$ cat work.txt   # compact mmCIF, C-alpha atoms
# COMPACT_ATOMS: atom_id res chain seq x y z
CA LEU G 1 45.10 -15.31 -32.57
CA GLN G 2 43.99 -18.94 -32.49
CA GLN G 3 45.26 -19.29 -28.90
CA ALA G 4 43.32 -16.16 -27.84
CA ILE G 5 40.10 -17.38 -29.48
CA GLU G 6 40.46 -20.83 -27.87
CA THR G 7 40.87 -19.15 -24.46
CA ILE G 8 37.84 -16.89 -25.00
CA LEU G 9 35.62 -19.81 -26.05
CA ALA G 10 36.82 -21.98 -23.13
CA TYR G 11 36.22 -19.13 -20.64
CA SER G 12 32.70 -18.50 -21.95
CA ALA G 13 31.92 -22.23 -21.72
CA GLY G 14 32.80 -22.14 -18.00
CA ASP G 15 36.12 -24.01 -18.25
CA GLU G 16 39.27 -23.12 -16.32
CA VAL G 17 41.77 -21.02 -18.30
CA GLU G 18 45.14 -19.45 -17.58
CA MET G 19 45.27 -15.63 -17.49
CA ASP G 20 48.41 -13.71 -16.46
CA GLY G 21 49.92 -16.88 -14.99
CA LYS G 22 46.87 -17.65 -12.79
CA GLN G 23 44.15 -20.25 -13.26
CA VAL G 24 40.77 -18.52 -13.66
CA LYS G 25 37.38 -20.28 -13.72
CA GLY G 26 35.13 -19.08 -16.56
CA LYS G 27 31.47 -18.16 -16.26
CA LYS G 28 28.69 -19.64 -18.36
CA ARG G 29 26.25 -16.84 -19.17
CA ASN G 30 22.53 -17.20 -19.91
CA PHE G 31 22.81 -15.25 -23.16
CA THR G 32 24.92 -15.39 -26.31
CA GLU G 33 28.06 -13.37 -25.68
CA THR G 34 29.47 -11.21 -28.47
CA ILE G 35 33.20 -11.35 -29.18
CA GLU G 36 34.77 -8.00 -30.03
CA ALA G 37 38.16 -7.17 -31.47
CA GLN G 38 39.94 -4.09 -30.19
CA TYR G 39 42.42 -2.36 -32.45
CA THR G 40 44.87 0.27 -31.17
CA LEU G 41 45.96 2.89 -33.68
CA LYS G 42 49.55 4.11 -33.58
CA ASN G 43 50.99 7.36 -34.98
CA TYR G 44 47.51 8.83 -35.26
CA ASP G 45 46.50 12.08 -33.60
CA PRO G 46 42.69 12.22 -33.24
CA VAL G 47 42.81 15.96 -32.49
CA ARG G 48 44.80 16.95 -35.57
CA ASP G 49 43.90 14.21 -38.06
CA LYS G 50 40.42 13.71 -39.42
CA ARG G 51 38.22 11.19 -37.60
CA PHE G 52 36.82 8.42 -39.72
CA SER G 53 33.92 5.99 -39.75
CA GLY G 54 32.75 3.31 -42.08
CA THR G 55 31.22 -0.10 -42.59
CA PHE G 56 32.77 -3.46 -43.37
CA LYS G 57 31.16 -6.74 -44.47
CA LEU G 58 32.44 -9.78 -42.59
CA PRO G 59 32.56 -13.26 -44.21
CA SER G 60 30.28 -14.82 -41.56
CA VAL G 61 27.41 -13.21 -39.62
CA PRO G 62 28.59 -12.05 -36.14
CA ARG G 63 25.14 -11.17 -34.76
CA PRO G 64 22.46 -13.43 -36.26
CA ASN G 65 19.63 -12.22 -33.99
CA LEU G 66 19.49 -8.59 -35.17
CA LYS G 67 15.90 -7.46 -35.76
CA CYS G 68 14.99 -6.03 -39.14
CA CYS G 69 11.94 -4.13 -40.35
CA VAL G 70 11.09 -3.60 -44.02
CA LEU G 71 9.38 -0.32 -44.91
CA GLY G 72 8.05 -1.29 -48.28
CA ASN G 73 5.54 -1.30 -51.07
CA ALA G 74 2.96 -4.10 -51.34
CA ALA G 75 5.33 -6.49 -53.16
CA HIS G 76 8.12 -6.09 -50.61
CA CYS G 77 5.69 -6.41 -47.66
CA GLU G 78 4.38 -9.66 -49.12
CA GLN G 79 7.92 -10.97 -49.65
CA ALA G 80 8.89 -9.99 -46.07
CA ASP G 81 5.83 -11.83 -44.76
CA ARG G 82 6.90 -14.99 -46.61
CA ILE G 83 10.39 -15.03 -45.03
CA GLY G 84 9.15 -13.98 -41.59
CA ILE G 85 10.46 -10.41 -41.34
CA ASP G 86 8.46 -7.57 -39.79
CA HIS G 87 7.22 -5.01 -42.31
CA MET G 88 5.35 -1.71 -42.50
CA SER G 89 3.55 -0.12 -45.42
CA VAL G 90 2.96 3.57 -46.18
CA GLU G 91 -0.36 3.41 -44.31
CA ASP G 92 1.35 2.04 -41.18
CA LEU G 93 3.91 4.86 -41.32
CA LYS G 94 1.17 7.47 -41.78
CA LYS G 95 -0.46 6.20 -38.57
CA LEU G 96 2.68 7.23 -36.65
CA ASN G 97 1.94 10.77 -37.84
CA LYS G 98 5.45 12.15 -37.07
CA ASN G 99 4.79 11.41 -33.38
CA LYS G 100 8.31 11.66 -31.92
CA LYS G 101 7.69 9.18 -29.12
CA MET G 102 6.23 6.57 -31.48
CA VAL G 103 9.10 6.99 -33.99
CA LYS G 104 11.64 6.68 -31.16
CA LYS G 105 9.88 3.53 -29.94
CA LEU G 106 9.98 2.11 -33.49
CA ALA G 107 13.71 2.89 -33.80
CA LYS G 108 14.38 1.19 -30.44
CA LYS G 109 12.42 -1.94 -31.39
CA TYR G 110 14.52 -2.79 -34.48
CA ASP G 111 18.28 -2.93 -35.09
CA PHE G 112 18.08 -1.86 -38.74
CA PHE G 113 15.56 -0.89 -41.40
CA MET G 114 15.29 -1.49 -45.13
CA ALA G 115 13.09 0.50 -47.50
CA SER G 116 11.85 0.00 -51.06
CA ASP G 117 13.33 2.37 -53.63
CA ASN G 118 10.05 4.29 -54.05
CA MET G 119 9.57 4.53 -50.24
CA ILE G 120 13.02 5.76 -49.21
CA LYS G 121 12.22 9.32 -50.34
CA GLN G 122 8.99 9.33 -48.30
CA VAL G 123 10.55 8.10 -45.02
CA PRO G 124 11.84 11.51 -43.81
CA ARG G 125 8.51 13.11 -44.80
CA LEU G 126 6.41 10.50 -42.99
CA LEU G 127 8.54 9.93 -39.88
CA GLY G 128 10.57 13.12 -39.47
CA PRO G 129 14.21 13.01 -38.34
CA GLY G 130 13.69 10.28 -35.68
CA LEU G 131 15.35 7.37 -37.50
CA THR G 132 18.26 9.50 -38.69
CA LYS G 133 18.91 10.74 -35.13
CA ALA G 134 18.95 7.13 -33.90
CA GLY G 135 21.46 6.27 -36.66
CA LYS G 136 19.06 3.80 -38.25
CA PHE G 137 18.12 5.40 -41.56
CA PRO G 138 16.84 2.62 -43.87
CA THR G 139 19.06 0.84 -46.37
CA LEU G 140 17.85 0.86 -49.98
CA LEU G 141 16.17 -2.35 -51.13
CA ALA G 142 15.91 -2.45 -54.94
CA ALA G 143 13.02 -4.30 -56.60
CA SER G 144 15.35 -6.83 -58.26
CA GLU G 145 17.30 -7.73 -55.09
CA ASP G 146 16.72 -10.90 -53.07
CA MET G 147 15.41 -9.76 -49.67
CA GLN G 148 16.83 -12.64 -47.59
CA GLU G 149 20.28 -12.14 -49.13
CA LYS G 150 20.14 -8.39 -48.41
CA VAL G 151 19.06 -8.99 -44.78
CA ASP G 152 21.92 -11.45 -44.24
CA GLU G 153 24.33 -8.95 -45.81
CA GLN G 154 23.13 -6.26 -43.38
CA LYS G 155 23.57 -8.65 -40.43
CA ALA G 156 27.15 -9.40 -41.55
CA THR G 157 28.03 -5.70 -41.93
CA ILE G 158 29.70 -3.99 -38.98
CA LYS G 159 30.05 -0.27 -38.41
CA PHE G 160 33.15 1.32 -36.95
CA GLN G 161 33.75 4.91 -35.91
CA MET G 162 36.90 6.70 -34.78
CA LYS G 163 36.23 8.73 -31.65
CA LYS G 164 38.63 10.74 -29.45
CA VAL G 165 40.34 7.60 -28.15
CA MET G 166 43.00 5.69 -30.06
CA CYS G 167 41.07 2.39 -30.04
CA LEU G 168 38.54 0.87 -32.39
CA ASN G 169 36.17 -1.82 -31.08
CA VAL G 170 34.25 -4.01 -33.48
CA ALA G 171 32.01 -7.05 -33.00
CA VAL G 172 33.56 -9.97 -34.91
CA GLY G 173 31.39 -12.84 -33.73
CA ASN G 174 29.73 -14.64 -30.84
CA VAL G 175 30.58 -17.63 -28.64
CA GLU G 176 28.32 -19.98 -30.61
CA MET G 177 30.38 -19.56 -33.79
CA SER G 178 33.10 -22.01 -34.79
CA GLU G 179 36.76 -21.21 -34.18
CA LYS G 180 37.41 -21.11 -37.93
CA ASP G 181 34.64 -18.52 -38.56
CA LEU G 182 35.95 -16.32 -35.74
CA ILE G 183 39.50 -16.40 -37.10
CA VAL G 184 38.27 -15.54 -40.61
CA ASN G 185 36.25 -12.59 -39.21
CA THR G 186 39.22 -11.16 -37.27

$ encode --input "work.txt" --output "structure tokens"
Amino acid sequence: LQQAIETILAYSAGDEVEMDGKQVKGKKRNFTETIEAQYTLKNYDPVRDKRFSGTFKLPSVPRPNLKCCVLGNAAHCEQADRIGIDHMSVEDLKKLNKNKKMVKKLAKKYDFFMASDNMIKQVPRLLGPGLTKAGKFPTLLAASEDMQEKVDEQKATIKFQMKKVMCLNVAVGNVEMSEKDLIVNT
């Protein structure tokens, strides 16, 4: 595992690495590359057995630049403003007026949403099924919880889903992370 991670990091830095007995020159990209782990499942029949999906919290954040939006009451909006997170109040959501295109645009703009406990019931009524269809229904944000901690927890959580193929791919980090963090995440 350590050897593989060293090779991946060297390749992404543009160094020369050995692959299948040949020397290959790496490419330095102009963006932060994500490192994924691919798991192959054995003795599992996706047709007969039930497919599964779930979430898992990694020890260190694999994708630190995920965009978050807080759909909250006045207190949560104020707290989000202090820590520099985008936020929307009930009035902002009412302006969208269940407009499908606007809701779709909102869902595309952010990677995940968080909603205050009193707002989470109103979200489907105000926005319609748009966020649910996009797979971005808001996570509950209780009044007593620390917002920054909750946002970091969401960024460290990865989702996995079993499809018809026998492989599971999950993001475990990026090339800017240390070798130790990557090994701990995989």

$ closest_residue --input "work.txt" --among "G:His76, G:Asp81, G:Val170, G:Gln3" --to "G:Thr157" --atoms "only C-alpha atoms"
G:Val170

$ atom_distance --input "work.txt" --atom1 "atom CA of G:Ala143" --atom2 "atom CA of G:Asp117"
7.3 Å

$ closest_residue --input "work.txt" --among "G:Leu106, G:Val47, G:Leu71, G:Ile158" --to "G:Ile120" --atoms "only C-alpha atoms"
G:Leu71

$ residues_around --input "work.txt" --residues "stretch 51-60 of chain G" --least-positions-apart "6" --cutoff "9 Å" --atoms "all atoms listed in the file" --output "list in words"
Glu153, Gln154, Lys155, Ala156, Thr157, Ile158, Lys159, Phe160, Gln161, Met162, Lys163, Lys164, Val172, Gly173, Asp181, Leu182, Val184, Asn185 and Thr186 of chain G

$ residues_near_point --input "work.txt" --point "(29.6, -15.6, -31.8)" --cutoff "7 Å" --atoms "all atoms listed in the file" --output "ChimeraX atom specification"
/G:33-35,62-63,173-177

$ atom_distance --input "work.txt" --atom1 "atom CA of G:Lys22" --atom2 "atom CA of G:Leu168"
28.2 Å

$ decode --input "work.txt" --residues "stretch 2-16 of chain G" --atoms "all heavy atoms" --output "mmCIF file, in the first residue's frame"
data_model
loop_
_atom_site.group_PDB
_atom_site.id
_atom_site.type_symbol
_atom_site.label_atom_id
_atom_site.label_comp_id
_atom_site.auth_asym_id
_atom_site.auth_seq_id
_atom_site.Cartn_x
_atom_site.Cartn_y
_atom_site.Cartn_z
ATOM 1 N N GLN G 2 1.898 1.249 0.866
ATOM 2 C CA GLN G 2 2.775 2.419 0.938
ATOM 3 C C GLN G 2 3.501 2.625 -0.387
ATOM 4 O O GLN G 2 3.626 3.748 -0.864
ATOM 5 C CB GLN G 2 3.775 2.240 2.075
ATOM 6 C CG GLN G 2 4.570 3.507 2.324
ATOM 7 C CD GLN G 2 5.239 3.502 3.676
ATOM 8 O OE1 GLN G 2 5.159 2.534 4.409
ATOM 9 N NE2 GLN G 2 5.894 4.582 4.011
ATOM 10 N N GLN G 3 3.954 1.511 -1.000
ATOM 11 C CA GLN G 3 4.649 1.578 -2.294
ATOM 12 C C GLN G 3 3.737 2.189 -3.352
ATOM 13 O O GLN G 3 4.148 3.066 -4.120
ATOM 14 C CB GLN G 3 5.061 0.146 -2.699
ATOM 15 C CG GLN G 3 5.671 0.045 -4.083
ATOM 16 C CD GLN G 3 7.137 0.437 -4.066
ATOM 17 O OE1 GLN G 3 7.861 0.029 -3.179
ATOM 18 N NE2 GLN G 3 7.555 1.216 -5.038
ATOM 19 N N ALA G 4 2.459 1.736 -3.376
ATOM 20 C CA ALA G 4 1.491 2.240 -4.360
ATOM 21 C C ALA G 4 1.249 3.735 -4.167
ATOM 22 O O ALA G 4 1.208 4.496 -5.141
ATOM 23 C CB ALA G 4 0.186 1.473 -4.240
ATOM 24 N N ILE G 5 1.091 4.162 -2.934
ATOM 25 C CA ILE G 5 0.838 5.578 -2.646
ATOM 26 C C ILE G 5 2.048 6.433 -3.022
ATOM 27 O O ILE G 5 1.895 7.501 -3.608
ATOM 28 C CB ILE G 5 0.427 5.772 -1.169
ATOM 29 C CG1 ILE G 5 -0.990 5.224 -0.980
ATOM 30 C CG2 ILE G 5 0.468 7.242 -0.765
ATOM 31 C CD1 ILE G 5 -1.498 5.216 0.416
ATOM 32 N N GLU G 6 3.258 5.930 -2.732
ATOM 33 C CA GLU G 6 4.472 6.659 -3.128
ATOM 34 C C GLU G 6 4.523 6.842 -4.640
ATOM 35 O O GLU G 6 4.860 7.911 -5.141
ATOM 36 C CB GLU G 6 5.723 5.897 -2.657
ATOM 37 C CG GLU G 6 6.012 6.081 -1.184
ATOM 38 C CD GLU G 6 7.136 5.162 -0.697
ATOM 39 O OE1 GLU G 6 7.844 4.548 -1.531
ATOM 40 O OE2 GLU G 6 7.299 5.060 0.521
ATOM 41 N N THR G 7 4.183 5.776 -5.381
ATOM 42 C CA THR G 7 4.186 5.827 -6.850
ATOM 43 C C THR G 7 3.157 6.833 -7.362
ATOM 44 O O THR G 7 3.454 7.632 -8.254
ATOM 45 C CB THR G 7 3.880 4.426 -7.442
ATOM 46 O OG1 THR G 7 4.773 3.479 -6.861
ATOM 47 C CG2 THR G 7 4.052 4.411 -8.941
ATOM 48 N N ILE G 8 1.964 6.809 -6.784
ATOM 49 C CA ILE G 8 0.888 7.730 -7.203
ATOM 50 C C ILE G 8 1.323 9.179 -6.983
ATOM 51 O O ILE G 8 1.180 10.025 -7.867
ATOM 52 C CB ILE G 8 -0.416 7.440 -6.426
ATOM 53 C CG1 ILE G 8 -1.027 6.111 -6.885
ATOM 54 C CG2 ILE G 8 -1.431 8.560 -6.617
ATOM 55 C CD1 ILE G 8 -2.149 5.601 -5.997
ATOM 56 N N LEU G 9 1.867 9.463 -5.805
ATOM 57 C CA LEU G 9 2.283 10.830 -5.480
ATOM 58 C C LEU G 9 3.444 11.289 -6.369
ATOM 59 O O LEU G 9 3.477 12.430 -6.814
ATOM 60 C CB LEU G 9 2.654 10.947 -4.000
ATOM 61 C CG LEU G 9 1.490 10.802 -3.016
ATOM 62 C CD1 LEU G 9 1.992 10.823 -1.580
ATOM 63 C CD2 LEU G 9 0.445 11.875 -3.219
ATOM 64 N N ALA G 10 4.386 10.378 -6.655
ATOM 65 C CA ALA G 10 5.513 10.721 -7.531
ATOM 66 C C ALA G 10 5.018 10.998 -8.953
ATOM 67 O O ALA G 10 5.448 11.954 -9.598
ATOM 68 C CB ALA G 10 6.530 9.588 -7.538
ATOM 69 N N TYR G 11 4.088 10.161 -9.432
ATOM 70 C CA TYR G 11 3.550 10.329 -10.791
ATOM 71 C C TYR G 11 2.815 11.664 -10.922
ATOM 72 O O TYR G 11 2.968 12.387 -11.900
ATOM 73 C CB TYR G 11 2.597 9.174 -11.127
ATOM 74 C CG TYR G 11 2.088 9.193 -12.549
ATOM 75 C CD1 TYR G 11 2.853 8.674 -13.582
ATOM 76 C CD2 TYR G 11 0.850 9.743 -12.860
ATOM 77 C CE1 TYR G 11 2.404 8.690 -14.889
ATOM 78 C CE2 TYR G 11 0.384 9.780 -14.161
ATOM 79 C CZ TYR G 11 1.158 9.236 -15.176
ATOM 80 O OH TYR G 11 0.707 9.273 -16.471
ATOM 81 N N SER G 12 2.026 12.005 -9.904
ATOM 82 C CA SER G 12 1.260 13.260 -9.961
ATOM 83 C C SER G 12 2.160 14.482 -9.823
ATOM 84 O O SER G 12 1.794 15.575 -10.228
ATOM 85 C CB SER G 12 0.165 13.273 -8.904
ATOM 86 O OG SER G 12 0.737 13.403 -7.632
ATOM 87 N N ALA G 13 3.353 14.297 -9.251
ATOM 88 C CA ALA G 13 4.291 15.413 -9.123
ATOM 89 C C ALA G 13 5.090 15.614 -10.407
ATOM 90 O O ALA G 13 5.817 16.589 -10.546
ATOM 91 C CB ALA G 13 5.228 15.164 -7.949
ATOM 92 N N GLY G 14 4.971 14.656 -11.350
ATOM 93 C CA GLY G 14 5.666 14.782 -12.630
ATOM 94 C C GLY G 14 6.981 14.027 -12.667
ATOM 95 O O GLY G 14 7.756 14.163 -13.609
ATOM 96 N N ASP G 15 7.256 13.208 -11.652
ATOM 97 C CA ASP G 15 8.493 12.422 -11.620
ATOM 98 C C ASP G 15 8.356 11.177 -12.494
ATOM 99 O O ASP G 15 7.260 10.804 -12.904
ATOM 100 C CB ASP G 15 8.825 12.002 -10.179
ATOM 101 C CG ASP G 15 8.994 13.195 -9.256
ATOM 102 O OD1 ASP G 15 9.255 14.294 -9.776
ATOM 103 O OD2 ASP G 15 8.845 13.023 -8.031
ATOM 104 N N GLU G 16 9.509 10.510 -12.721
ATOM 105 C CA GLU G 16 9.497 9.284 -13.518
ATOM 106 C C GLU G 16 9.284 8.102 -12.584
ATOM 107 O O GLU G 16 9.949 7.983 -11.563
ATOM 108 C CB GLU G 16 10.823 9.139 -14.273
ATOM 109 C CG GLU G 16 10.642 8.444 -15.611
ATOM 110 C CD GLU G 16 11.846 8.632 -16.508
ATOM 111 O OE1 GLU G 16 11.865 9.618 -17.270
ATOM 112 O OE2 GLU G 16 12.748 7.793 -16.437
#
